[in-house]
>>> print(open('final02.pdb').read())   # PDB, C-alpha atoms, pLDDT in the B column
ATOM      1  CA  MET A   1     -31.856  72.181 137.740  1.00 70.00           C
ATOM      2  CA  SER A   2     -32.722  68.622 136.759  1.00 86.00           C
ATOM      3  CA  THR A   3     -35.751  69.915 134.839  1.00 89.00           C
ATOM      4  CA  ILE A   4     -33.510  72.139 132.738  1.00 91.00           C
ATOM      5  CA  ILE A   5     -31.184  69.217 132.010  1.00 91.00           C
ATOM      6  CA  SER A   6     -34.177  67.044 131.074  1.00 90.00           C
ATOM      7  CA  TYR A   7     -35.447  69.720 128.679  1.00 91.00           C
ATOM      8  CA  ALA A   8     -31.971  70.121 127.213  1.00 91.00           C
ATOM      9  CA  ILE A   9     -31.655  66.363 126.639  1.00 93.00           C
ATOM     10  CA  ILE A  10     -35.105  66.242 125.034  1.00 94.00           C
ATOM     11  CA  ALA A  11     -34.231  69.241 122.838  1.00 93.00           C
ATOM     12  CA  VAL A  12     -30.927  67.671 121.751  1.00 94.00           C
ATOM     13  CA  LEU A  13     -32.669  64.361 120.972  1.00 95.00           C
ATOM     14  CA  ALA A  14     -35.368  66.174 119.010  1.00 94.00           C
ATOM     15  CA  ILE A  15     -32.722  68.056 117.029  1.00 95.00           C
ATOM     16  CA  VAL A  16     -30.812  64.824 116.326  1.00 94.00           C
ATOM     17  CA  ILE A  17     -33.981  63.020 115.197  1.00 93.00           C
ATOM     18  CA  VAL A  18     -35.140  65.912 113.010  1.00 93.00           C
ATOM     19  CA  SER A  19     -31.638  66.227 111.528  1.00 94.00           C
ATOM     20  CA  ALA A  20     -31.565  62.510 110.742  1.00 92.00           C
ATOM     21  CA  ILE A  21     -34.992  62.685 109.076  1.00 92.00           C
ATOM     22  CA  VAL A  22     -33.993  65.731 107.035  1.00 92.00           C
ATOM     23  CA  SER A  23     -30.739  64.058 106.015  1.00 93.00           C
ATOM     24  CA  ILE A  24     -32.524  60.873 104.911  1.00 92.00           C
ATOM     25  CA  TYR A  25     -35.172  62.848 103.040  1.00 92.00           C
ATOM     26  CA  ASN A  26     -32.537  64.919 101.260  1.00 93.00           C
ATOM     27  CA  ARG A  27     -30.668  61.752 100.218  1.00 93.00           C
ATOM     28  CA  LEU A  28     -33.862  60.246  98.805  1.00 92.00           C
ATOM     29  CA  VAL A  29     -34.563  63.445  96.879  1.00 92.00           C
ATOM     30  CA  MET A  30     -31.000  63.476  95.518  1.00 94.00           C
ATOM     31  CA  LEU A  31     -31.316  59.839  94.393  1.00 93.00           C
ATOM     32  CA  LYS A  32     -34.669  60.507  92.711  1.00 92.00           C
ATOM     33  CA  PHE A  33     -33.376  63.535  90.824  1.00 92.00           C
ATOM     34  CA  ASN A  34     -30.232  61.648  89.837  1.00 92.00           C
ATOM     35  CA  VAL A  35     -32.435  58.957  88.254  1.00 91.00           C
ATOM     36  CA  ASP A  36     -34.513  61.616  86.508  1.00 89.00           C
ATOM     37  CA  LYS A  37     -31.355  63.257  85.144  1.00 90.00           C
ATOM     38  CA  ALA A  38     -29.962  59.928  83.973  1.00 89.00           C
ATOM     39  CA  PHE A  39     -33.204  59.140  82.163  1.00 86.00           C
ATOM     40  CA  ALA A  40     -33.368  62.614  80.611  1.00 86.00           C
ATOM     41  CA  ASN A  41     -29.865  62.038  79.235  1.00 85.00           C
ATOM     42  CA  ILE A  42     -30.787  58.677  77.744  1.00 84.00           C
ATOM     43  CA  ASP A  43     -34.176  59.949  76.556  1.00 83.00           C
ATOM     44  CA  VAL A  44     -32.425  62.364  74.178  1.00 82.00           C
ATOM     45  CA  ILE A  45     -30.643  59.470  72.472  1.00 83.00           C
ATOM     46  CA  LEU A  46     -33.757  57.289  72.509  1.00 81.00           C
ATOM     47  CA  LYS A  47     -35.664  60.096  70.769  1.00 82.00           C
ATOM     48  CA  GLN A  48     -32.925  60.303  68.130  1.00 81.00           C
ATOM     49  CA  ARG A  49     -33.301  56.576  67.536  1.00 80.00           C
ATOM     50  CA  ALA A  50     -37.078  56.922  67.314  1.00 80.00           C
ATOM     51  CA  ASP A  51     -36.608  59.742  64.798  1.00 80.00           C
ATOM     52  CA  GLU A  52     -34.523  57.445  62.567  1.00 78.00           C
ATOM     53  CA  ILE A  53     -37.286  54.840  62.375  1.00 76.00           C
ATOM     54  CA  PRO A  54     -39.346  56.551  59.606  1.00 79.00           C
ATOM     55  CA  ASN A  55     -36.217  56.875  57.447  1.00 75.00           C
ATOM     56  CA  LEU A  56     -35.292  53.261  58.048  1.00 72.00           C
ATOM     57  CA  ILE A  57     -38.818  52.107  57.237  1.00 71.00           C
ATOM     58  CA  LYS A  58     -38.891  54.143  54.032  1.00 73.00           C
ATOM     59  CA  VAL A  59     -35.634  52.652  52.772  1.00 69.00           C
ATOM     60  CA  VAL A  60     -36.454  49.118  53.861  1.00 67.00           C
ATOM     61  CA  LYS A  61     -39.984  49.234  52.392  1.00 66.00           C
ATOM     62  CA  GLU A  62     -38.546  49.810  48.955  1.00 61.00           C
ATOM     63  CA  SER A  63     -36.688  46.509  49.119  1.00 59.00           C
ATOM     64  CA  MET A  64     -38.751  44.342  51.469  1.00 59.00           C
ATOM     65  CA  SER A  65     -42.359  44.458  50.413  1.00 57.00           C
ATOM     66  CA  TYR A  66     -43.512  41.343  52.268  1.00 47.00           C
ATOM     67  CA  GLU A  67     -41.945  42.145  55.641  1.00 62.00           C
ATOM     68  CA  GLN A  68     -44.808  44.559  56.286  1.00 68.00           C
ATOM     69  CA  THR A  69     -45.737  43.291  59.766  1.00 74.00           C
ATOM     70  CA  LEU A  70     -42.234  43.926  61.068  1.00 73.00           C
ATOM     71  CA  LEU A  71     -42.294  47.478  59.746  1.00 74.00           C
ATOM     72  CA  GLU A  72     -45.792  48.083  61.123  1.00 80.00           C
ATOM     73  CA  LYS A  73     -44.679  46.906  64.547  1.00 82.00           C
ATOM     74  CA  LEU A  74     -41.676  49.248  64.443  1.00 81.00           C
ATOM     75  CA  THR A  75     -43.932  52.155  63.458  1.00 83.00           C
ATOM     76  CA  LYS A  76     -46.354  51.385  66.303  1.00 89.00           C
ATOM     77  CA  LEU A  77     -43.541  51.115  68.845  1.00 87.00           C
ATOM     78  CA  ARG A  78     -42.159  54.479  67.708  1.00 84.00           C
ATOM     79  CA  THR A  79     -45.566  56.126  68.086  1.00 88.00           C
ATOM     80  CA  ASP A  80     -46.061  54.532  71.485  1.00 90.00           C
ATOM     81  CA  PHE A  81     -42.585  55.678  72.575  1.00 86.00           C
ATOM     82  CA  LEU A  82     -43.188  59.281  71.496  1.00 85.00           C
ATOM     83  CA  ASN A  83     -46.567  59.262  73.307  1.00 89.00           C
ATOM     84  CA  ALA A  84     -45.350  57.489  76.456  1.00 88.00           C
ATOM     85  CA  ALA A  85     -46.273  59.431  79.554  1.00 84.00           C
ATOM     86  CA  ASN A  86     -43.562  58.231  81.909  1.00 86.00           C
ATOM     87  CA  ALA A  87     -40.052  56.837  82.066  1.00 82.00           C
ATOM     88  CA  ASP A  88     -41.165  53.297  82.932  1.00 83.00           C
ATOM     89  CA  ALA A  89     -43.285  53.040  79.783  1.00 86.00           C
ATOM     90  CA  LYS A  90     -40.448  54.449  77.679  1.00 85.00           C
ATOM     91  CA  ILE A  91     -38.031  51.924  79.165  1.00 82.00           C
ATOM     92  CA  ASN A  92     -40.306  48.999  78.266  1.00 83.00           C
ATOM     93  CA  LEU A  93     -40.865  50.341  74.743  1.00 86.00           C
ATOM     94  CA  THR A  94     -37.135  50.941  74.307  1.00 82.00           C
ATOM     95  CA  ASN A  95     -36.420  47.315  75.121  1.00 81.00           C
ATOM     96  CA  GLU A  96     -38.994  46.251  72.502  1.00 84.00           C
ATOM     97  CA  ILE A  97     -37.621  48.648  69.847  1.00 83.00           C
ATOM     98  CA  THR A  98     -34.126  47.243  70.382  1.00 80.00           C
ATOM     99  CA  ASN A  99     -35.390  43.734  69.622  1.00 79.00           C
ATOM    100  CA  VAL A 100     -37.310  44.838  66.529  1.00 79.00           C
ATOM    101  CA  PHE A 101     -34.273  46.732  65.198  1.00 75.00           C
ATOM    102  CA  LYS A 102     -32.259  43.552  65.391  1.00 75.00           C
ATOM    103  CA  ASN A 103     -34.970  41.718  63.473  1.00 72.00           C
ATOM    104  CA  VAL A 104     -35.021  44.387  60.750  1.00 70.00           C
ATOM    105  CA  PHE A 105     -31.265  44.208  60.324  1.00 70.00           C
ATOM    106  CA  ALA A 106     -31.296  40.418  60.436  1.00 69.00           C
ATOM    107  CA  VAL A 107     -34.040  40.267  57.791  1.00 65.00           C
ATOM    108  CA  SER A 108     -32.060  42.727  55.659  1.00 66.00           C
ATOM    109  CA  GLU A 109     -29.432  40.031  55.185  1.00 65.00           C
ATOM    110  CA  ASN A 110     -31.920  38.215  52.924  1.00 65.00           C
ATOM    111  CA  TYR A 111     -32.113  41.186  50.561  1.00 63.00           C
ATOM    112  CA  PRO A 112     -28.916  41.697  48.538  1.00 60.00           C
ATOM    113  CA  ASP A 113     -30.207  44.936  46.989  1.00 59.00           C
ATOM    114  CA  LEU A 114     -30.860  46.369  50.415  1.00 58.00           C
ATOM    115  CA  LYS A 115     -27.421  45.449  51.737  1.00 55.00           C
ATOM    116  CA  VAL A 116     -25.742  47.590  49.064  1.00 53.00           C
ATOM    117  CA  ASN A 117     -28.254  50.461  49.169  1.00 63.00           C
ATOM    118  CA  SER A 118     -26.312  53.544  50.281  1.00 67.00           C
ATOM    119  CA  SER A 119     -29.299  55.006  52.136  1.00 69.00           C
ATOM    120  CA  PHE A 120     -29.714  51.793  54.093  1.00 68.00           C
ATOM    121  CA  LEU A 121     -26.003  51.587  54.844  1.00 71.00           C
ATOM    122  CA  SER A 122     -25.993  55.196  56.022  1.00 76.00           C
ATOM    123  CA  LEU A 123     -29.026  54.624  58.259  1.00 73.00           C
ATOM    124  CA  GLN A 124     -27.548  51.396  59.549  1.00 74.00           C
ATOM    125  CA  SER A 125     -24.369  53.262  60.487  1.00 79.00           C
ATOM    126  CA  ARG A 126     -26.363  56.058  62.144  1.00 79.00           C
ATOM    127  CA  VAL A 127     -28.468  53.591  64.137  1.00 78.00           C
ATOM    128  CA  SER A 128     -25.296  51.755  65.155  1.00 79.00           C
ATOM    129  CA  GLN A 129     -23.785  55.008  66.459  1.00 83.00           C
ATOM    130  CA  ILE A 130     -26.985  55.767  68.351  1.00 82.00           C
ATOM    131  CA  GLU A 131     -27.014  52.249  69.815  1.00 80.00           C
ATOM    132  CA  ASP A 132     -23.442  52.785  71.054  1.00 82.00           C
ATOM    133  CA  ALA A 133     -24.477  56.042  72.723  1.00 84.00           C
ATOM    134  CA  ILE A 134     -27.528  54.334  74.251  1.00 81.00           C
ATOM    135  CA  SER A 135     -25.282  51.610  75.597  1.00 80.00           C
ATOM    136  CA  ASP A 136     -23.063  54.163  77.333  1.00 83.00           C
ATOM    137  CA  ARG A 137     -25.973  56.057  78.812  1.00 85.00           C
ATOM    138  CA  ARG A 138     -27.824  52.866  79.719  1.00 84.00           C
ATOM    139  CA  GLU A 139     -24.924  51.900  81.975  1.00 86.00           C
ATOM    140  CA  PHE A 140     -25.106  55.245  83.817  1.00 88.00           C
ATOM    141  CA  PHE A 141     -28.900  55.081  83.972  1.00 88.00           C
ATOM    142  CA  ASN A 142     -28.901  51.561  85.397  1.00 88.00           C
ATOM    143  CA  GLU A 143     -26.291  52.564  87.982  1.00 91.00           C
ATOM    144  CA  SER A 144     -28.514  55.501  89.003  1.00 91.00           C
ATOM    145  CA  ILE A 145     -31.544  53.210  89.229  1.00 92.00           C
ATOM    146  CA  ASN A 146     -29.563  50.708  91.276  1.00 92.00           C
ATOM    147  CA  MET A 147     -28.410  53.394  93.752  1.00 94.00           C
ATOM    148  CA  TYR A 148     -31.981  54.724  93.975  1.00 93.00           C
ATOM    149  CA  ASN A 149     -33.486  51.272  94.586  1.00 93.00           C
ATOM    150  CA  ILE A 150     -30.860  50.520  97.244  1.00 94.00           C
ATOM    151  CA  GLY A 151     -31.409  53.940  98.808  1.00 93.00           C
ATOM    152  CA  ILE A 152     -35.155  53.503  99.205  1.00 92.00           C
ATOM    153  CA  ASN A 153     -34.762  50.017 100.666  1.00 93.00           C
ATOM    154  CA  GLU A 154     -32.038  50.731 103.237  1.00 91.00           C
ATOM    155  CA  PHE A 155     -33.035  51.130 106.847  1.00 91.00           C
ATOM    156  CA  PRO A 156     -34.080  53.704 108.063  1.00 90.00           C
ATOM    157  CA  ASN A 157     -34.577  55.235 104.576  1.00 91.00           C
ATOM    158  CA  VAL A 158     -37.260  52.653 103.817  1.00 92.00           C
ATOM    159  CA  ILE A 159     -39.549  54.223 106.409  1.00 92.00           C
ATOM    160  CA  LEU A 160     -39.471  57.689 104.832  1.00 89.00           C
ATOM    161  CA  ALA A 161     -39.486  56.199 101.333  1.00 91.00           C
ATOM    162  CA  LYS A 162     -42.763  54.428 102.080  1.00 92.00           C
ATOM    163  CA  ILE A 163     -44.247  57.558 103.648  1.00 92.00           C
ATOM    164  CA  PHE A 164     -43.362  59.634 100.569  1.00 90.00           C
ATOM    165  CA  LEU A 165     -44.458  56.855  98.177  1.00 92.00           C
ATOM    166  CA  TYR A 166     -41.044  56.205  96.632  1.00 92.00           C
ATOM    167  CA  ARG A 167     -41.268  53.069  94.484  1.00 91.00           C
ATOM    168  CA  GLU A 168     -38.605  50.880  92.928  1.00 91.00           C
ATOM    169  CA  LYS A 169     -37.845  51.681  89.302  1.00 88.00           C
ATOM    170  CA  PRO A 170     -37.058  49.207  86.501  1.00 84.00           C
ATOM    171  CA  LEU A 171     -33.683  48.897  84.820  1.00 81.00           C
ATOM    172  CA  LEU A 172     -33.140  49.130  81.085  1.00 74.00           C
ATOM    173  CA  LEU A 173     -32.765  45.443  80.366  1.00 71.00           C
ATOM    174  CA  ILE A 174     -30.303  43.632  78.190  1.00 61.00           C
ATOM    175  CA  THR A 175     -31.901  40.518  76.778  1.00 58.00           C
ATOM    176  CA  GLU A 176     -30.095  37.218  76.353  1.00 58.00           C
ATOM    177  CA  GLU A 177     -30.286  37.778  72.594  1.00 54.00           C
ATOM    178  CA  GLU A 178     -28.493  41.129  72.940  1.00 50.00           C
ATOM    179  CA  LYS A 179     -25.768  39.497  74.963  1.00 49.00           C
ATOM    180  CA  LYS A 180     -25.136  37.028  72.130  1.00 50.00           C
ATOM    181  CA  TYR A 181     -25.408  39.596  69.319  1.00 41.00           C
ATOM    182  CA  ASP A 182     -22.176  40.039  67.341  1.00 48.00           C
ATOM    183  CA  GLY A 183     -23.291  42.856  65.074  1.00 44.00           C
ATOM    184  CA  ILE A 184     -24.760  42.837  61.631  1.00 42.00           C
ATOM    185  CA  GLN A 185     -22.950  40.496  59.284  1.00 42.00           C
ATOM    186  CA  PHE A 186     -22.828  41.011  55.514  1.00 37.00           C
TER     187      PHE A 186
END
>>> encode(input="final02.pdb", output="structure tokens")
Amino acid sequence: MSTIISYAIIAVLAIVIVSAIVSIYNRLVMLKFNVDKAFANIDVILKQRADEIPNLIKVVKESMSYEQTLLEKLTKLRTDFLNAANADAKINLTNEITNVFKNVFAVSENYPDLKVNSSFLSLQSRVSQIEDAISDRREFFNESINMYNIGINEFPNVILAKIFLYREKPLLLITEEEKKYDGIQF
């Protein structure tokens, strides 16, 4: 009789342990896919912004002939973004594009003809709308990343996370300059 009870206890413990492992694994999978979904949502908007870059460059080139290096950098970043193989690379490039956009708009203040150009004003408005959408989605994305990073570092999740090679993911950063930015002034 005691052998049967011992086997029953071992079976119950095995079921509890397997259930706990399955539950932890499923939570890690859910967190990973939530991050992927959040990035896919923001990637759509980031692609729209990247698609506006050639139009912006075309309009700005007409008025700013000697700001060539800034425009070349923006073109390179766009190409790199469109060719990026993974979300981490796209996140880093997105942070760089944001900074270059601000420089383009800041430099535009030195060109009175550009400031009244309807094509530039239209593009500036479009980019501003896209930046607002990115801001909204960035908040959701960063929350997803935060939950994922916490999830893979909590005990006992950390054990399975290491076994299945889950790695921390970077946030979409807001630079100190972005925090101070008050919009484009004309």
>>> closest_atom_pairs(input="final02.pdb", of="stretch 9-96 of chain A", to="stretch 122-133 of chain A", cutoff="8 Å", atoms="all atoms listed in the file", output="Markdown table")
| residue | atom | partner | partner_atom | distance |
| --- | --- | --- | --- | --- |
| A:Ile45 | CA | A:Ile130 | CA | 6.6 |
| A:Gln48 | CA | A:Ile130 | CA | 7.5 |
| A:Arg49 | CA | A:Ile130 | CA | 6.4 |
| A:Glu52 | CA | A:Val127 | CA | 7.3 |
| A:Asn55 | CA | A:Leu123 | CA | 7.6 |
| A:Leu56 | CA | A:Leu123 | CA | 6.4 |
>>> write_last_selection(input="final02.pdb", atoms="C-alpha atoms", output="tab-separated table (two decimals), keeping the file's coordinate frame")
chain	number	residue	atom	x	y	z
A	45	ILE	CA	-30.64	59.47	72.47
A	48	GLN	CA	-32.92	60.30	68.13
A	49	ARG	CA	-33.30	56.58	67.54
A	52	GLU	CA	-34.52	57.44	62.57
A	55	ASN	CA	-36.22	56.88	57.45
A	56	LEU	CA	-35.29	53.26	58.05
>>> closest_residue(input="final02.pdb", among="A:Asn83, A:Phe155, A:Leu28, A:Glu143", to="A:Arg167", atoms="only C-alpha atoms")
A:Leu28
>>> atom_distance(input="final02.pdb", atom1="atom CA of A:Ala20", atom2="atom CA of A:Glu154")
14.0 Å
>>> resolve_selection(input="final02.pdb", expression="the PyMOL selection byres ((chain A and resi 160) around 12)", output="ChimeraX atom specification")
/A:20-29,151-159,161-167
>>> write_last_selection(input="final02.pdb", atoms="C-alpha atoms", output="JSON list (two decimals), in the frame of the given file")
[["chain", "number", "residue", "atom", "x", "y", "z"],
["A", 20, "ALA", "CA", -31.56, 62.51, 110.74],
["A", 21, "ILE", "CA", -34.99, 62.68, 109.08],
["A", 22, "VAL", "CA", -33.99, 65.73, 107.04],
["A", 23, "SER", "CA", -30.74, 64.06, 106.02],
["A", 24, "ILE", "CA", -32.52, 60.87, 104.91],
["A", 25, "TYR", "CA", -35.17, 62.85, 103.04],
["A", 26, "ASN", "CA", -32.54, 64.92, 101.26],
["A", 27, "ARG", "CA", -30.67, 61.75, 100.22],
["A", 28, "LEU", "CA", -33.86, 60.25, 98.80],
["A", 29, "VAL", "CA", -34.56, 63.44, 96.88],
["A", 151, "GLY", "CA", -31.41, 53.94, 98.81],
["A", 152, "ILE", "CA", -35.16, 53.50, 99.20],
["A", 153, "ASN", "CA", -34.76, 50.02, 100.67],
["A", 154, "GLU", "CA", -32.04, 50.73, 103.24],
["A", 155, "PHE", "CA", -33.03, 51.13, 106.85],
["A", 156, "PRO", "CA", -34.08, 53.70, 108.06],
["A", 157, "ASN", "CA", -34.58, 55.24, 104.58],
["A", 158, "VAL", "CA", -37.26, 52.65, 103.82],
["A", 159, "ILE", "CA", -39.55, 54.22, 106.41],
["A", 161, "ALA", "CA", -39.49, 56.20, 101.33],
["A", 162, "LYS", "CA", -42.76, 54.43, 102.08],
["A", 163, "ILE", "CA", -44.25, 57.56, 103.65],
["A", 164, "PHE", "CA", -43.36, 59.63, 100.57],
["A", 165, "LEU", "CA", -44.46, 56.86, 98.18],
["A", 166, "TYR", "CA", -41.04, 56.20, 96.63],
["A", 167, "ARG", "CA", -41.27, 53.07, 94.48]]
>>> residues_around(input="final02.pdb", residues="A:Glu139", least_positions_apart="4", cutoff="10 Å", atoms="all atoms listed in the file", output="VMD selection string")
chain A and resid 38 42 134 to 135 143 to 145 171 to 172
>>> axis_aligned_box(input="final02.pdb", around="stretch 72-80 of chain A", padding_each_side="5 Å", output="JSON")
{"center_x": -44.0, "center_y": 51.5, "center_z": 66.3, "size_x": 14.7, "size_y": 19.2, "size_z": 20.4}
>>> closest_residue(input="final02.pdb", among="A:Lys90, A:Lys102, A:Arg137, A:Lys32", to="A:Ala50", atoms="all atoms listed in the file")
A:Lys90
>>> atom_distance(input="final02.pdb", atom1="atom CA of A:Asn142", atom2="atom CA of A:Met30")
15.8 Å
>>> resolve_selection(input="final02.pdb", expression="the PyMOL selection byres ((chain A and resi 173) around 9)", output="VMD selection string")
chain A and resid 91 to 92 95 138 142 170 to 172 174 to 175
>>> atom_distance(input="final02.pdb", atom1="atom CA of A:Asn103", atom2="atom CA of A:Thr79")
18.5 Å
>>> residues_around(input="final02.pdb", residues="A:Val100", least_positions_apart="3", cutoff="10 Å", atoms="all atoms listed in the file", output="compact mmCIF listing (two decimals) with C-alpha atoms, in the coordinates of the input")
# COMPACT_ATOMS: atom_id res chain seq x y z
CA LEU A 70 -42.23 43.93 61.07
CA LEU A 71 -42.29 47.48 59.75
CA LYS A 73 -44.68 46.91 64.55
CA LEU A 74 -41.68 49.25 64.44
CA LEU A 77 -43.54 51.12 68.84
CA THR A 94 -37.14 50.94 74.31
CA ASN A 95 -36.42 47.32 75.12
CA GLU A 96 -38.99 46.25 72.50
CA ILE A 97 -37.62 48.65 69.85
CA ASN A 103 -34.97 41.72 63.47
CA VAL A 104 -35.02 44.39 60.75
CA PHE A 105 -31.26 44.21 60.32
CA ALA A 106 -31.30 40.42 60.44
